[in-house]
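First comes the structure, then the notes that go with it.
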Amino acid sequence: MRFTKMEGCGNDYIYINCFEEVVEQPEKLAIAMSERHFGIGADGLVLIMPSEKADFRMRMFNLDGSEGEMCGNAVRCIGKYTYERGLTNKEEISLETAGGIKYLKCNIEKGIVKTVRVDMGEPILEAEKIPVKHETSPVIRKSIVINNNNEFQFTCVSMGNPHGVAFVEETENFPVQEYGKQVENNPAFPKKTNVEFVQLINRNHIKMRVWERGSGETLACGTGACASVVASILNGFCDREVKVSLLGGELTIHWNEENNHVYMTGPAAFSFDGVWLKDV
Ligand SMILES: N[C@H](CCC[C@H](N)C(=O)O)C(=O)O
């Protein structure tokens with residue numbers, strides 16, 4: 001089975017072109033391929049598929065085999081893949097995801113997709129729809145106690161997938177792995193959650209580290225960057241356009257006041273092509 005390894009700000013997935021390949025058990029394949037010693041090594045698996053509702057369809061699986069509704073970094077990579085590999089000649093495409101249809105615009109120079117801008121749609125703030133169990137909705141800087149009696153104030157946002165955002169003094173030495181896992185599995189989040197720890201730099205710049213549901217700490221998360229900017233604006237900390245510094249790169253997020261849509265702009269890159277020879 002042929003595959004392509006791509007990354008967006010270091011958030012790396014294995015991409016399979018399902019116009020050419022047949023994937024029967026994506027959950028199992030995601031686990032096997034993502035493993036760094038027996039497999040290829042990645043944050044998960046992404047399938048590029050035909051769609052009846054849009055130009056293309058994406059399915060994404062975390063490295064533990066669970067399926068995520070949306071993935072911002074993968075959406076940008078699919079923009080680059082479908083254009084540069086000739087699946088489309090359109091600079092703007094629509095992409096069906098389990099978190100709704102997204103609209104992408106590739107910024108192209110001499111046939112190369114340099115960056116992709118994605119209309120990520122409107123953020124979802126109703127607690128039940130995220131979903132998060134809390135007596136108030138929206139959940140804006142509300143305490144959630146995690147297992148070891150540590151209390152964090154979370155602002156909860158769905159970008160098609162769930163996110164819990166906490167503001168911290170600094171991200172560099174913050175124990176993301178320890179707290180991330182506990183928050184991900186906290187019963188307040190019935191579908192588990194992605195977790196972002198955010199350090200405010202100024203009104204147009206934040207730093208963020210992420211613990212992803214199903215994958216652990218990754219170098220970047222596009223939906224997480226969007227959720228973090230929405231959370232920063234809801235709390236009055238930031239203006240409408242914010243640069244997000246992640247461990248693996250930078251994204252620019254704009255939450256448009258007029259139509260309430262969130263726009264994400266950032267890079268996407270090919271790493272290598274390969275052929276998977278194992279049975280799964
Ligand atoms: N890295 C992705 C998000 C993956 C989300 C996944 N971990 C989930 O279960 O929701 C991004 O760039 O948006």
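If you're wondering about the labels, chains in the structure tokens are A, B, ... by order shown, residues count from 1 in each chain, ligands from 1 in order shown.
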Near-ligand residues for ligand 1, threshold 7 Å, only C-alpha atoms and all ligand atoms, as a VMD selection string:
chain A and resid 11 62 66 to 74 161 to 162 193 to 194 212 to 215 220 to 224
With DSSP run on the backbone, what are the alpha helix (DSSP H) residues within stretch 39-197 of chain A? I'd like them as a ChimeraX atom specification.
/A:72-84,176-184
Picked from stretch 29-182 of chain A by DSSP as strand (DSSP E), as a PyMOL selection string:
chain A and resi 44-49+56-62+67-68+92-97+100-109+112-119+142-146+150-158+162-167
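Among the candidates A:Leu47, A:Ile206, A:Ser34, A:Lys114, the residue lying nearest to A:Val22 is A:Leu47 (atoms considered: only C-alpha atoms).
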Near A:Pro26, within 10 Å and counting only C-alpha atoms, which residues show up once chain neighbours fewer than 4 positions away are dropped, as a CSV table (one decimal) with N, CA and C atoms, in the first residue's frame?
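This went into selection.csv:
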```
chain,number,residue,atom,x,y,z
A,22,VAL,N,-7.1,0.8,-1.3
A,22,VAL,CA,-8.2,0.3,-0.5
A,22,VAL,C,-7.8,0.1,1.0
A,30,ALA,N,-4.0,2.5,11.5
A,30,ALA,CA,-3.5,3.7,12.2
A,30,ALA,C,-2.5,3.3,13.3
A,31,ILE,N,-2.9,2.4,14.1
A,31,ILE,CA,-2.1,1.9,15.2
A,31,ILE,C,-0.8,1.4,14.7
A,32,ALA,N,-0.9,0.5,13.7
A,32,ALA,CA,0.3,-0.2,13.2
A,32,ALA,C,1.3,0.8,12.5
A,45,LEU,N,-3.1,8.6,11.2
A,45,LEU,CA,-3.4,8.3,9.8
A,45,LEU,C,-4.5,9.1,9.2
A,46,VAL,N,-4.3,9.6,8.0
A,46,VAL,CA,-5.3,10.4,7.3
A,46,VAL,C,-5.7,9.8,6.0
A,47,LEU,N,-7.0,9.6,5.7
A,47,LEU,CA,-7.4,9.1,4.5
A,47,LEU,C,-8.0,10.2,3.6
A,59,ARG,N,-10.8,11.4,6.4
A,59,ARG,CA,-11.0,10.8,7.7
A,59,ARG,C,-9.7,10.8,8.4
A,60,MET,N,-9.7,11.1,9.7
A,60,MET,CA,-8.4,11.1,10.4
A,60,MET,C,-8.5,10.2,11.7
A,61,PHE,N,-7.4,9.4,11.9
A,61,PHE,CA,-7.3,8.5,13.0
A,61,PHE,C,-6.1,8.8,13.8
A,65,GLY,N,-5.8,4.7,17.2
A,65,GLY,CA,-6.8,4.1,16.4
A,65,GLY,C,-8.1,4.8,16.5
A,66,SER,N,-8.3,5.7,17.5
A,66,SER,CA,-9.6,6.4,17.6
A,66,SER,C,-9.7,7.4,16.5
A,67,GLU,N,-11.0,7.7,16.1
A,67,GLU,CA,-11.2,8.6,15.0
A,67,GLU,C,-11.5,10.0,15.5
A,280,VAL,N,-1.3,-5.8,8.1
A,280,VAL,CA,-2.5,-5.1,8.6
A,280,VAL,C,-3.0,-4.1,7.6
```
Taking only C-alpha atoms into account, produce a table as a Markdown table in which each residue of stretch 167-251 of chain A with an atom at most 8 Å from an atom of stretch 261-268 of chain A appears once, together with its shortest atom pair and the distance in Å to one decimal, ordered by chain and rising number.
```
| residue | atom | partner | partner_atom | distance |
| --- | --- | --- | --- | --- |
| A:Gly222 | CA | A:Met264 | CA | 7.5 |
| A:Cys226 | CA | A:Val262 | CA | 6.9 |
| A:Glu250 | CA | A:Gly266 | CA | 7.0 |
| A:Leu251 | CA | A:Gly266 | CA | 5.0 |
```
From A:Gln25, A:Ser228, A:Asn260, A:Ser271, residue lying nearest A:Ser158 [only C-alpha atoms]
A:Ser228
Write out as a list in words which residues come within 9 Å of A:Cys106 when counting only C-alpha atoms, dropping same-chain ones fewer than 6 positions away.
Arg76, Gly79, Lys80, Tyr83, Lys90, Glu91, Glu92, Ile93, Val113, Lys114, Thr115, Val116, Arg117 and Val118 of chain A
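The shortest atom-to-atom distance to A:Thr252, with only C-alpha atoms taken into account, belongs to A:Ala225 out of A:Gly216, A:Ala225, A:Asn202, A:Lys105.
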For A:Phe3, list every protein, DNA or RNA residue within 7 Å, evaluated using only C-alpha atoms, and leave out those in the same chain fewer than 4 positions away; present the list as number ranges by chain.
A: 14-16, 273-275
